[in-house]
>>> print(open('target24.cif').read())   # mmCIF, C-alpha atoms
data_target
#
loop_
_atom_site.label_atom_id
_atom_site.label_comp_id
_atom_site.auth_asym_id
_atom_site.auth_seq_id
_atom_site.Cartn_x
_atom_site.Cartn_y
_atom_site.Cartn_z
CA MET A 12 93.55 55.07 94.86
CA GLN A 13 92.40 52.63 97.53
CA LYS A 14 94.80 50.41 99.45
CA HIS A 15 93.70 46.78 99.75
CA ILE A 16 94.93 44.88 102.82
CA LEU A 17 94.63 41.17 103.51
CA LEU A 18 94.04 40.93 107.25
CA ALA A 19 94.51 37.43 108.68
CA ILE A 20 92.07 36.73 111.53
CA SER A 21 92.45 34.23 114.36
CA ASP A 22 89.69 32.82 116.56
CA ASP A 23 91.08 34.62 119.62
CA PRO A 24 89.35 38.02 119.96
CA SER A 25 92.09 39.19 122.35
CA ASN A 26 94.68 38.69 119.59
CA LEU A 27 93.22 41.03 116.95
CA TYR A 28 96.38 43.13 116.95
CA GLY A 29 96.19 43.72 113.20
CA VAL A 30 92.70 45.22 113.61
CA LYS A 31 93.86 47.34 116.55
CA PHE A 32 96.79 48.64 114.55
CA VAL A 33 94.89 49.71 111.42
CA ASN A 34 92.12 51.30 113.50
CA GLU A 35 94.70 53.46 115.24
CA PHE A 36 97.05 54.15 112.33
CA PHE A 37 94.78 55.14 109.44
CA LYS A 38 92.96 58.47 109.67
CA ASN A 39 91.73 58.70 106.06
CA LYS A 40 89.65 55.53 106.42
CA ASP A 41 87.63 55.66 103.22
CA THR A 42 90.79 55.02 101.15
CA VAL A 43 91.41 51.59 102.73
CA ARG A 44 89.61 48.32 102.11
CA PHE A 45 90.10 44.95 103.73
CA THR A 46 89.68 41.28 103.06
CA LEU A 47 89.37 39.56 106.43
CA PHE A 48 90.81 36.09 105.94
CA TYR A 49 90.09 33.15 108.22
CA ILE A 50 91.58 29.69 107.68
CA ALA A 51 89.26 26.97 108.96
CA PRO A 52 90.97 23.94 110.55
CA ARG A 53 91.40 20.82 108.47
CA GLN A 54 88.73 18.15 109.02
CA GLY A 55 89.93 14.84 107.67
CA ARG A 56 91.85 14.36 104.43
CA ASP A 57 89.29 15.82 102.05
CA VAL A 58 90.00 19.49 101.32
CA GLU A 59 86.47 19.82 99.88
CA PHE A 60 84.83 19.03 103.21
CA GLU A 61 81.82 20.95 104.44
CA LEU A 62 82.40 22.84 107.66
CA ASP A 63 80.47 21.37 110.57
CA GLN A 64 78.16 23.73 112.43
CA HIS A 65 80.51 24.31 115.36
CA VAL A 66 83.47 25.23 113.15
CA GLU A 67 81.34 27.40 110.88
CA GLU A 68 79.96 29.32 113.85
CA ALA A 69 83.49 29.89 115.19
CA CYS A 70 84.61 31.21 111.79
CA ASP A 71 81.63 33.53 111.50
CA LEU A 72 82.10 34.81 115.06
CA ALA A 73 85.79 35.59 114.55
CA LEU A 74 85.18 37.41 111.26
CA GLU A 75 82.17 39.32 112.57
CA SER A 76 84.09 40.45 115.65
CA ALA A 77 86.90 41.79 113.47
CA ARG A 78 84.46 43.39 111.02
CA GLN A 79 82.56 45.17 113.78
CA ARG A 80 85.75 46.54 115.29
CA LEU A 81 86.82 47.95 111.93
CA VAL A 82 83.42 49.57 111.38
CA MET A 83 83.47 51.02 114.90
CA GLY A 84 86.96 52.30 114.09
CA GLY A 85 85.54 54.31 111.18
CA PHE A 86 86.13 52.09 108.14
CA LEU A 87 83.32 51.77 105.61
CA GLU A 88 81.23 48.59 105.74
CA GLU A 89 81.26 48.30 101.96
CA ASN A 90 85.06 48.22 102.03
CA ILE A 91 85.23 45.10 104.22
CA LEU A 92 85.00 41.61 102.74
CA CYS A 93 85.01 38.47 104.91
CA LYS A 94 86.52 35.30 103.47
CA ILE A 95 86.83 31.76 104.88
CA LYS A 96 89.37 29.35 103.41
CA LYS A 97 89.31 25.66 104.24
CA ARG A 98 92.84 24.75 105.20
CA SER A 99 94.35 22.76 102.35
CA LEU A 100 98.15 23.14 102.61
CA SER A 101 99.26 24.87 105.80
CA LYS A 102 98.36 28.19 107.42
CA VAL A 103 101.52 29.75 106.00
CA LYS A 104 101.05 28.46 102.45
CA ASP A 105 97.32 29.18 102.43
CA ILE A 106 97.90 32.79 103.47
CA ILE A 107 100.68 33.24 100.90
CA GLN A 108 98.56 31.62 98.19
CA GLU A 109 95.67 34.00 98.90
CA ALA A 110 98.00 37.00 99.12
CA ASN A 111 99.67 36.24 95.78
CA ARG A 112 96.42 35.46 94.02
CA GLY A 113 94.64 38.57 95.31
CA GLN A 114 97.55 40.96 94.65
CA TYR A 115 97.00 42.76 97.93
CA ASP A 116 98.95 45.87 98.83
CA ALA A 117 99.87 44.35 102.20
CA VAL A 118 99.33 41.26 104.35
CA ALA A 119 98.72 42.05 108.03
CA LEU A 120 99.24 39.51 110.82
CA GLY A 121 98.89 39.85 114.57
CA ARG A 122 101.66 38.49 116.78
CA ARG A 123 101.38 37.33 120.36
CA GLY A 124 103.92 38.77 122.77
CA ILE A 125 105.77 35.58 123.65
CA SER A 126 109.44 35.01 124.35
CA ARG A 127 112.03 34.63 121.62
CA LEU A 128 112.92 31.08 122.72
CA GLU A 129 109.26 30.04 122.61
CA GLU A 130 108.92 31.67 119.19
CA MET A 131 111.90 29.80 117.74
CA ILE A 132 110.64 26.50 119.10
CA SER A 133 107.04 26.97 117.96
CA ASP A 134 108.13 28.40 114.57
CA SER A 135 105.09 30.68 114.37
CA VAL A 136 103.08 31.47 111.27
CA SER A 137 104.38 35.02 110.99
CA MET A 138 108.01 33.93 111.20
CA ARG A 139 107.62 31.24 108.55
CA ILE A 140 105.82 33.63 106.21
CA LEU A 141 108.93 35.84 106.25
CA GLU A 142 110.83 33.08 104.46
CA GLN A 143 108.27 32.50 101.71
CA GLU A 144 108.10 34.00 98.22
CA ARG A 145 105.65 36.87 98.61
CA LYS A 146 104.31 39.48 96.20
CA SER A 147 102.96 41.66 99.01
CA PRO A 148 104.76 43.37 101.92
CA LEU A 149 104.12 41.82 105.31
CA TRP A 150 102.92 43.73 108.37
CA LEU A 151 103.64 42.16 111.76
CA CYS A 152 101.48 43.76 114.43
CA ARG A 153 102.58 42.86 117.95
CA GLU A 154 100.50 44.51 120.66
CA PRO A 155 100.70 48.03 119.13
CA ASP A 156 100.81 50.88 121.62
CA PRO A 157 97.88 53.29 121.22
CA GLY A 158 98.70 56.90 120.44
CA ARG A 159 101.89 56.23 118.49
CA ARG A 160 102.39 58.09 115.22
CA ASN A 161 104.77 58.33 112.27
CA VAL A 162 106.95 55.85 110.40
CA LEU A 163 110.61 55.00 110.91
CA LEU A 164 111.82 53.90 107.46
CA CYS A 165 115.12 52.01 107.73
CA VAL A 166 117.26 52.19 104.59
CA ASN A 167 120.61 50.69 103.60
CA GLY A 168 120.75 51.11 99.83
CA SER A 169 119.56 47.58 99.04
CA GLU A 170 116.81 46.71 96.56
CA PRO A 171 114.47 45.46 99.34
CA ALA A 172 114.97 48.76 101.20
CA LEU A 173 113.99 50.73 98.10
CA ARG A 174 110.92 48.52 97.66
CA ILE A 175 109.79 49.17 101.22
CA ALA A 176 110.33 52.91 100.67
CA ASP A 177 108.02 52.68 97.65
CA HIS A 178 105.48 50.79 99.78
CA VAL A 179 105.59 53.35 102.60
CA GLY A 180 105.14 56.17 100.10
CA PHE A 181 102.10 54.49 98.56
CA MET A 182 100.49 53.70 101.91
CA LEU A 183 101.04 57.16 103.40
CA LYS A 184 100.23 59.30 100.38
CA ASN A 185 96.88 60.39 101.86
CA GLU A 186 97.84 60.01 105.52
CA ASP A 187 99.14 63.49 106.27
CA SER A 188 99.05 62.98 110.05
CA HIS A 189 102.17 60.81 109.83
CA SER A 190 105.69 61.96 109.04
CA ILE A 191 108.34 59.60 107.64
CA THR A 192 111.83 59.46 109.13
CA LEU A 193 114.46 58.01 106.81
CA PHE A 194 116.89 56.27 109.14
CA HIS A 195 120.29 54.89 108.19
CA VAL A 196 122.71 53.13 110.52
CA ASN A 197 126.22 53.99 109.34
CA GLN A 198 128.48 50.98 109.19
CA GLN A 199 131.89 50.61 107.61
CA GLY A 200 131.83 51.34 103.88
CA THR A 201 128.31 52.78 103.65
CA LYS A 202 127.45 56.14 102.08
CA GLY A 203 124.62 57.48 104.16
CA THR A 204 123.83 60.56 102.06
CA ASP A 205 123.34 58.65 98.81
CA ILE A 206 121.25 55.98 100.53
CA LEU A 207 118.96 58.54 102.14
CA ASP A 208 118.59 60.45 98.86
CA GLN A 209 117.55 57.31 96.96
CA ALA A 210 114.90 56.40 99.49
CA GLY A 211 113.65 59.98 99.63
CA GLN A 212 113.18 59.97 95.87
CA GLU A 213 110.94 56.91 96.17
CA LEU A 214 108.76 58.73 98.70
CA VAL A 215 108.50 61.89 96.59
CA ARG A 216 107.67 59.80 93.52
CA ASN A 217 104.67 58.45 95.43
CA GLY A 218 103.42 61.95 96.20
CA ILE A 219 104.83 62.44 99.70
CA ALA A 220 105.47 66.13 100.34
CA SER A 221 109.09 66.91 101.19
CA GLU A 222 108.11 68.62 104.45
CA ARG A 223 106.83 65.27 105.74
CA ILE A 224 110.22 63.61 105.24
CA ILE A 225 112.88 63.69 107.96
CA THR A 226 116.38 62.23 107.64
CA LYS A 227 118.38 60.79 110.49
CA THR A 228 121.54 58.71 110.84
CA ALA A 229 123.24 56.78 113.61
CA THR A 230 126.54 54.96 113.89
CA GLY A 231 127.17 51.51 115.33
CA SER A 232 127.65 47.85 114.57
CA ASN A 233 124.41 46.50 116.06
CA ALA A 234 121.79 47.87 113.67
CA GLU A 235 118.90 46.00 115.29
CA GLN A 236 119.48 47.49 118.74
CA ILE A 237 120.00 50.98 117.33
CA ILE A 238 116.79 50.81 115.29
CA ILE A 239 114.73 49.45 118.18
CA GLN A 240 116.11 52.15 120.50
CA GLU A 241 115.16 54.85 117.99
CA ALA A 242 111.70 53.35 117.52
CA THR A 243 111.15 53.24 121.28
CA THR A 244 112.47 56.74 121.96
CA GLY A 245 110.59 58.29 119.04
CA LYS A 246 107.39 56.30 119.74
CA TYR A 247 106.91 55.46 116.08
CA ALA A 248 103.76 53.61 115.05
CA VAL A 249 105.62 51.72 112.29
CA VAL A 250 109.14 50.52 111.64
CA ALA A 251 109.63 49.68 107.94
CA ALA A 252 112.58 47.75 106.53
CA GLY A 253 113.64 45.58 103.62
CA TYR A 254 113.83 41.81 104.03
CA SER A 255 115.68 39.46 101.69
CA GLU A 256 117.01 36.63 103.85
CA LYS A 257 116.85 33.08 102.57
CA ALA A 258 115.48 30.35 104.82
CA LYS A 259 118.05 28.73 107.11
CA SER A 260 118.00 25.26 108.59
CA GLY A 261 118.24 24.41 112.26
CA LEU A 262 116.28 25.34 115.36
CA PHE A 263 118.16 28.51 116.36
CA ARG A 264 118.14 30.63 113.20
CA MET A 265 119.58 34.05 114.01
CA GLY A 266 118.65 35.67 110.72
CA SER A 267 118.97 39.22 109.44
CA THR A 268 118.46 42.54 111.21
CA SER A 269 114.86 42.60 109.95
CA LYS A 270 114.14 39.14 111.30
CA LYS A 271 115.67 39.99 114.67
CA MET A 272 113.37 43.00 114.83
CA ALA A 273 110.43 40.72 114.09
CA TYR A 274 111.28 38.90 117.31
CA ASN A 275 112.19 41.88 119.49
CA LEU A 276 110.32 45.00 118.34
CA LYS A 277 107.49 45.97 120.67
CA GLY A 278 104.84 48.69 120.55
CA ALA A 279 105.18 49.37 116.82
CA ALA A 280 104.10 47.43 113.73
CA LEU A 281 106.90 46.09 111.54
CA TRP A 282 106.49 46.46 107.77
CA LEU A 283 108.75 44.21 105.68
CA THR A 284 109.13 43.49 101.97
#
>>> encode(input="target24.cif", output="structure tokens")
Amino acid sequence: MQKHILLAISDDPSNLYGVKFVNEFFKNKDTVRFTLFYIAPRQGRDVEFELDQHVEEACDLALESARQRLVMGGFLEENILCKIKKRSLSKVKDIIQEANRGQYDAVALGRRGISRLEEMISDSVSMRILEQERKSPLWLCREPDPGRRNVLLCVNGSEPALRIADHVGFMLKNEDSHSITLFHVNQQGTKGTDILDQAGQELVRNGIASERIITKTATGSNAEQIIIQEATTGKYAVVAAGYSEKAKSGLFRMGSTSKKMAYNLKGAALWLT
């Protein structure tokens, strides 16, 4: 069964981190198809406007650059669809609307490597999408390091964590070059063995062979730092975690462990429900 990924494209060719990530991560390329999604800037109040020539050329150039890189990376041309959407609501809402309507298996976004303070002030697209109602898991790809392999699947017994385990199992069913490490940070009152077993069952249910599954635990109160340290030391290509936080008001929103990782994780893609 093919995986269908919505890959949001910007007009900055140096910021195609989502394209770089999928080119490096997927080895069985004929099982993946993409919709490359570009949101054209608003021109006036009329959402039915025709794109002027300059804007249309910029859209076409951005999509073609991304398409060529995917083809050069080994993906099949017939599995790549380019789509331009005239901005009607906001970038966040337009992406979510397309993702929910298309029932994609994942939504992939690139992230610039800017400071946390700048990110909180600018309130970037990827951060705001975290707080929206989504049917598809979100992939945040921030300058992925080439050569990384395997998935660090963070579990805590919650429903979002089980959903991301199901997602990882589906995405990696035919990707035998990657192992999956089930990782639980023991905190007061948690039962690590039961939590790891539940997540492992989700992987096996998706067809992941047991020999590809590794279990690992750590103890500490700062789950974010422990997870990032493990991801850095193990050079994982992906860190996967559940996300269920409600939107908070105010400029400095600290957020959950998953959201903190969205700010601070480097070198690996972050997959979130």
>>> residues_around(input="target24.cif", residues="A:Ser169", least_positions_apart="3", cutoff="12 Å", atoms="all atoms listed in the file", output="list in words")
Cys165, Val166, Ala172, Leu173, Arg174, Ile175, Ala176, His195, Thr201, Asp205, Ile206, Leu207, Gln209, Ala210, Ala252, Gly253, Tyr254, Ser255 and Thr284 of chain A
>>> write_last_selection(input="target24.cif", atoms="C-alpha atoms", output="tab-separated table (two decimals), keeping the file's coordinate frame")
chain	number	residue	atom	x	y	z
A	165	CYS	CA	115.12	52.01	107.73
A	166	VAL	CA	117.26	52.19	104.59
A	172	ALA	CA	114.97	48.76	101.20
A	173	LEU	CA	113.99	50.73	98.10
A	174	ARG	CA	110.92	48.52	97.66
A	175	ILE	CA	109.79	49.17	101.22
A	176	ALA	CA	110.33	52.91	100.67
A	195	HIS	CA	120.29	54.89	108.19
A	201	THR	CA	128.31	52.78	103.65
A	205	ASP	CA	123.34	58.65	98.81
A	206	ILE	CA	121.25	55.98	100.53
A	207	LEU	CA	118.96	58.54	102.14
A	209	GLN	CA	117.55	57.31	96.96
A	210	ALA	CA	114.90	56.40	99.49
A	252	ALA	CA	112.58	47.75	106.53
A	253	GLY	CA	113.64	45.58	103.62
A	254	TYR	CA	113.83	41.81	104.03
A	255	SER	CA	115.68	39.46	101.69
A	284	THR	CA	109.13	43.49	101.97
>>> closest_residue(input="target24.cif", among="A:Gln79, A:Ser232, A:Asn275, A:Thr226", to="A:Gln198", atoms="all atoms listed in the file")
A:Ser232
>>> residues_near_point(input="target24.cif", point="(106.1, 49.8, 109.2)", cutoff="8 Å", atoms="only C-alpha atoms", output="VMD selection string")
chain A and resid 150 162 to 164 179 248 to 252 279 to 283
>>> closest_residue(input="target24.cif", among="A:Tyr247, A:Ile219, A:Leu151, A:Thr230", to="A:Met272", atoms="only C-alpha atoms")
A:Leu151
>>> resolve_selection(input="target24.cif", expression="the PyMOL selection byres ((chain A and resi 152) around 10)", output="ChimeraX atom specification")
/A:26-33,119-123,137,149-151,153-155,249,273,276-282
>>> atom_distance(input="target24.cif", atom1="atom CA of A:Leu87", atom2="atom CA of A:Ile16")
13.8 Å
>>> atom_distance(input="target24.cif", atom1="atom CA of A:Glu67", atom2="atom CA of A:Tyr49")
10.8 Å
>>> residues_near_point(input="target24.cif", point="(104.7, 61.9, 109.8)", cutoff="8 Å", atoms="only C-alpha atoms", output="list in words")
Arg160, Asn161, Val162, Asp187, Ser188, His189, Ser190, Ile191, Thr192, Arg223 and Ile224 of chain A
